[in-house]
Amino acid sequence: MSKPVFSHIVVAITGSDASIMAAKYAIVMAKQYRSRLSAVYVVDTATIRQLTLSKIFIQEESQEYERSLEANGDRYLSFVEELARAKGIKVERDIRRGAVYTEVLQVADERKADLIVLGGWEKDRSARDIISNSHREIMVNAKCSVLLVKEPAIDQIYKQA
């Protein structure tokens with residue numbers, strides 16, 4: 001018997017519409033391929049540290065912002081969990097701290113993922129923003145396949161799954 005194409009999928013959650021689309025896509029894939037699914041949200045402490053060093057944030061502001069990001073991450077992961085549960089899929093959720101690409105790659109390595117799923121770029125965002133840089137680093141440095149979701153009909157596909 002051959003190994004399944006995807007036995008473990010990791011989806012990166014940022015809270016953007018694109019990352020929620022990616023989560024729906026990953027849920028559908030996990031259901032179709034009977035794969036394990038992990039959702040990871042990264043509190044980007046690397047960027048917060050840069051903003052503090054650049055004197056854009058003072059220490060108290062950076063700590064407050066970090067707590068806010070962690071609370072947002074918990075809400076986003078809970079939402080992804082609800083979406084998955086509605087399709088009979090269990091999600092391993094993970095909130096990490098650090099550089100986004102480093103932490104996503106580390107989760108993929110730790111979980112021996114076959115696939116990392118990322119949300120596509122949003123139309124109103126610059127191609128040079130922090131998420132784009134993280135996506136690029138993930139695509140270049142991942143040890144497994146990476147899928148960039150740009151499926152416009154994902155809501156329909158998700159509903160039918």
# chains A, B, ... in the order shown; residues from 1 in each chain; ligands from 1

call {"tool": "residues_around", "arguments": {"residues": "region 27-35 of chain A", "least_positions_apart": "6", "cutoff": "7 Å", "atoms": "only C-alpha atoms", "output": "ChimeraX atom specification"}}
result
/A:6-9,84,89,158,161

call {"tool": "select_by_dssp", "arguments": {"residues": "chain A", "states": "alpha helix (DSSP H)", "output": "PyMOL selection string"}}
result
chain A and resi 17-33+45-53+59-86+100-110+130-141+154-160

call {"tool": "write_last_selection", "arguments": {"atoms": "C-alpha atoms", "output": "mmCIF file, in the first residue's frame"}}
result
data_model
loop_
_atom_site.group_PDB
_atom_site.id
_atom_site.type_symbol
_atom_site.label_atom_id
_atom_site.label_comp_id
_atom_site.auth_asym_id
_atom_site.auth_seq_id
_atom_site.Cartn_x
_atom_site.Cartn_y
_atom_site.Cartn_z
ATOM 1 C CA ASP A 17 -9.154 36.987 4.729
ATOM 2 C CA ALA A 18 -6.522 35.201 2.639
ATOM 3 C CA SER A 19 -5.374 33.075 5.574
ATOM 4 C CA ILE A 20 -8.980 32.136 6.426
ATOM 5 C CA MET A 21 -9.438 31.101 2.779
ATOM 6 C CA ALA A 22 -6.270 29.024 3.142
ATOM 7 C CA ALA A 23 -7.666 27.436 6.308
ATOM 8 C CA LYS A 24 -10.877 26.445 4.508
ATOM 9 C CA TYR A 25 -8.833 25.008 1.652
ATOM 10 C CA ALA A 26 -6.624 23.064 4.088
ATOM 11 C CA ILE A 27 -9.708 21.726 5.899
ATOM 12 C CA VAL A 28 -11.182 20.477 2.611
ATOM 13 C CA MET A 29 -7.837 18.884 1.694
ATOM 14 C CA ALA A 30 -7.502 17.266 5.135
ATOM 15 C CA LYS A 31 -10.986 15.800 4.743
ATOM 16 C CA GLN A 32 -10.405 14.530 1.204
ATOM 17 C CA TYR A 33 -6.941 13.093 1.893
ATOM 18 C CA THR A 45 7.995 39.211 18.139
ATOM 19 C CA ALA A 46 10.835 39.717 15.639
ATOM 20 C CA THR A 47 9.048 42.693 14.072
ATOM 21 C CA ILE A 48 7.902 43.992 17.472
ATOM 22 C CA ARG A 49 11.519 43.905 18.656
ATOM 23 C CA GLN A 50 12.612 45.877 15.550
ATOM 24 C CA LEU A 51 9.912 48.484 16.181
ATOM 25 C CA THR A 52 11.050 48.828 19.791
ATOM 26 C CA LEU A 53 14.716 49.133 18.823
ATOM 27 C CA GLN A 59 8.749 48.831 25.858
ATOM 28 C CA GLU A 60 5.267 49.058 27.443
ATOM 29 C CA GLU A 61 3.632 49.528 24.033
ATOM 30 C CA SER A 62 5.435 46.537 22.573
ATOM 31 C CA GLN A 63 4.353 44.332 25.486
ATOM 32 C CA GLU A 64 0.749 45.509 25.128
ATOM 33 C CA TYR A 65 0.844 44.941 21.364
ATOM 34 C CA GLU A 66 2.286 41.459 21.844
ATOM 35 C CA ARG A 67 -0.519 40.550 24.293
ATOM 36 C CA SER A 68 -3.066 41.913 21.823
ATOM 37 C CA LEU A 69 -1.609 39.828 18.979
ATOM 38 C CA GLU A 70 -1.675 36.702 21.131
ATOM 39 C CA ALA A 71 -5.349 37.274 22.020
ATOM 40 C CA ASN A 72 -6.136 37.804 18.318
ATOM 41 C CA GLY A 73 -4.258 34.621 17.428
ATOM 42 C CA ASP A 74 -6.269 32.652 19.969
ATOM 43 C CA ARG A 75 -9.523 33.978 18.460
ATOM 44 C CA TYR A 76 -8.417 33.215 14.892
ATOM 45 C CA LEU A 77 -7.346 29.685 15.815
ATOM 46 C CA SER A 78 -10.650 29.108 17.632
ATOM 47 C CA PHE A 79 -12.475 30.201 14.475
ATOM 48 C CA VAL A 80 -10.415 27.791 12.356
ATOM 49 C CA GLU A 81 -11.161 25.048 14.873
ATOM 50 C CA GLU A 82 -14.898 25.734 14.501
ATOM 51 C CA LEU A 83 -14.633 25.631 10.706
ATOM 52 C CA ALA A 84 -12.795 22.302 10.897
ATOM 53 C CA ARG A 85 -15.150 20.799 13.480
ATOM 54 C CA ALA A 86 -18.090 21.596 11.160
ATOM 55 C CA VAL A 100 6.688 34.196 11.178
ATOM 56 C CA TYR A 101 8.557 32.146 8.586
ATOM 57 C CA THR A 102 10.921 30.551 11.128
ATOM 58 C CA GLU A 103 8.066 29.414 13.360
ATOM 59 C CA VAL A 104 5.864 28.121 10.509
ATOM 60 C CA LEU A 105 8.801 26.128 9.132
ATOM 61 C CA GLN A 106 9.593 24.797 12.600
ATOM 62 C CA VAL A 107 6.015 23.583 13.133
ATOM 63 C CA ALA A 108 6.099 21.901 9.709
ATOM 64 C CA ASP A 109 9.382 20.169 10.597
ATOM 65 C CA GLU A 110 8.225 19.138 14.100
ATOM 66 C CA ILE A 130 5.869 41.601 6.052
ATOM 67 C CA ILE A 131 3.477 38.774 5.169
ATOM 68 C CA SER A 132 4.808 38.635 1.622
ATOM 69 C CA ASN A 133 8.367 38.424 2.925
ATOM 70 C CA SER A 134 7.370 35.611 5.258
ATOM 71 C CA HIS A 135 5.627 33.769 2.416
ATOM 72 C CA ARG A 136 8.724 34.091 0.266
ATOM 73 C CA GLU A 137 10.987 32.744 3.035
ATOM 74 C CA ILE A 138 8.620 29.825 3.666
ATOM 75 C CA MET A 139 8.481 28.938 -0.040
ATOM 76 C CA VAL A 140 12.252 29.093 -0.415
ATOM 77 C CA ASN A 141 13.189 27.268 2.804
ATOM 78 C CA ILE A 154 -13.323 28.339 -1.725
ATOM 79 C CA ASP A 155 -16.478 29.217 0.215
ATOM 80 C CA GLN A 156 -18.554 27.082 -2.185
ATOM 81 C CA ILE A 157 -16.015 24.252 -2.133
ATOM 82 C CA TYR A 158 -15.907 24.364 1.682
ATOM 83 C CA LYS A 159 -19.724 24.291 1.947
ATOM 84 C CA GLN A 160 -19.932 21.257 -0.346
#

call {"tool": "atom_distance", "arguments": {"atom1": "CA of Gly15 (chain A)", "atom2": "CA of Ala142 (chain A)"}}
result
21.7 Å

call {"tool": "residues_around", "arguments": {"residues": "Val11 (chain A)", "least_positions_apart": "3", "cutoff": "8 Å", "atoms": "only C-alpha atoms", "output": "PyMOL selection string"}}
result
chain A and resi 22-23+26+37-40+116-118

call {"tool": "atom_distance", "arguments": {"atom1": "CA of Ile95 (chain A)", "atom2": "CA of Ala153 (chain A)"}}
result
28.3 Å

call {"tool": "decode", "arguments": {"residues": "region 84-112 of chain A", "atoms": "N, CA and C atoms", "output": "tab-separated table (two decimals), in the first residue's frame"}}
result
chain	number	residue	atom	x	y	z
A	84	ALA	N	-13.23	23.69	11.07
A	84	ALA	CA	-12.79	22.30	10.90
A	84	ALA	C	-13.78	21.34	11.55
A	85	ARG	N	-14.21	21.66	12.76
A	85	ARG	CA	-15.15	20.80	13.48
A	85	ARG	C	-16.44	20.61	12.68
A	86	ALA	N	-16.88	21.67	11.98
A	86	ALA	CA	-18.09	21.60	11.16
A	86	ALA	C	-17.93	20.58	10.02
A	87	LYS	N	-16.70	20.27	9.65
A	87	LYS	CA	-16.43	19.30	8.59
A	87	LYS	C	-15.88	17.99	9.13
A	88	GLY	N	-15.93	17.82	10.45
A	88	GLY	CA	-15.48	16.57	11.06
A	88	GLY	C	-13.97	16.42	11.12
A	89	ILE	N	-13.26	17.53	11.10
A	89	ILE	CA	-11.79	17.50	11.11
A	89	ILE	C	-11.29	18.07	12.44
A	90	LYS	N	-10.30	17.39	13.00
A	90	LYS	CA	-9.66	17.87	14.23
A	90	LYS	C	-8.43	18.68	13.83
A	91	VAL	N	-8.24	19.82	14.49
A	91	VAL	CA	-7.10	20.68	14.20
A	91	VAL	C	-6.19	20.75	15.42
A	92	GLU	N	-4.90	20.55	15.18
A	92	GLU	CA	-3.90	20.80	16.21
A	92	GLU	C	-3.55	22.27	16.08
A	93	ARG	N	-3.81	23.05	17.12
A	93	ARG	CA	-3.56	24.49	17.04
A	93	ARG	C	-2.30	24.85	17.79
A	94	ASP	N	-1.63	25.88	17.28
A	94	ASP	CA	-0.34	26.26	17.85
A	94	ASP	C	-0.15	27.76	17.75
A	95	ILE	N	0.10	28.42	18.88
A	95	ILE	CA	0.49	29.83	18.87
A	95	ILE	C	1.97	29.86	19.18
A	96	ARG	N	2.73	30.48	18.32
A	96	ARG	CA	4.19	30.58	18.48
A	96	ARG	C	4.59	32.03	18.59
A	97	ARG	N	5.79	32.26	19.06
A	97	ARG	CA	6.38	33.60	19.17
A	97	ARG	C	7.70	33.59	18.42
A	98	GLY	N	7.94	34.63	17.61
A	98	GLY	CA	9.20	34.72	16.87
A	98	GLY	C	8.97	35.30	15.49
A	99	ALA	N	9.86	34.99	14.58
A	99	ALA	CA	9.71	35.39	13.18
A	99	ALA	C	8.70	34.44	12.52
A	100	VAL	N	7.78	34.99	11.75
A	100	VAL	CA	6.69	34.20	11.18
A	100	VAL	C	7.22	33.00	10.39
A	101	TYR	N	8.11	33.24	9.44
A	101	TYR	CA	8.56	32.15	8.59
A	101	TYR	C	9.32	31.09	9.38
A	102	THR	N	10.15	31.51	10.33
A	102	THR	CA	10.92	30.55	11.13
A	102	THR	C	9.99	29.63	11.90
A	103	GLU	N	8.98	30.20	12.52
A	103	GLU	CA	8.07	29.41	13.36
A	103	GLU	C	7.17	28.49	12.52
A	104	VAL	N	6.69	28.98	11.38
A	104	VAL	CA	5.86	28.12	10.51
A	104	VAL	C	6.69	26.94	10.02
A	105	LEU	N	7.92	27.20	9.60
A	105	LEU	CA	8.80	26.13	9.13
A	105	LEU	C	9.12	25.15	10.27
A	106	GLN	N	9.30	25.66	11.46
A	106	GLN	CA	9.59	24.80	12.60
A	106	GLN	C	8.42	23.88	12.93
A	107	VAL	N	7.20	24.42	12.90
A	107	VAL	CA	6.02	23.58	13.13
A	107	VAL	C	5.92	22.51	12.06
A	108	ALA	N	6.15	22.88	10.81
A	108	ALA	CA	6.10	21.90	9.71
A	108	ALA	C	7.13	20.80	9.92
A	109	ASP	N	8.33	21.17	10.34
A	109	ASP	CA	9.38	20.17	10.60
A	109	ASP	C	9.02	19.28	11.79
A	110	GLU	N	8.57	19.90	12.88
A	110	GLU	CA	8.22	19.14	14.10
A	110	GLU	C	7.10	18.14	13.84
A	111	ARG	N	6.14	18.54	13.03
A	111	ARG	CA	4.97	17.69	12.77
A	111	ARG	C	5.18	16.79	11.55
A	112	LYS	N	6.37	16.89	10.94
A	112	LYS	CA	6.68	16.11	9.74
A	112	LYS	C	5.61	16.32	8.65
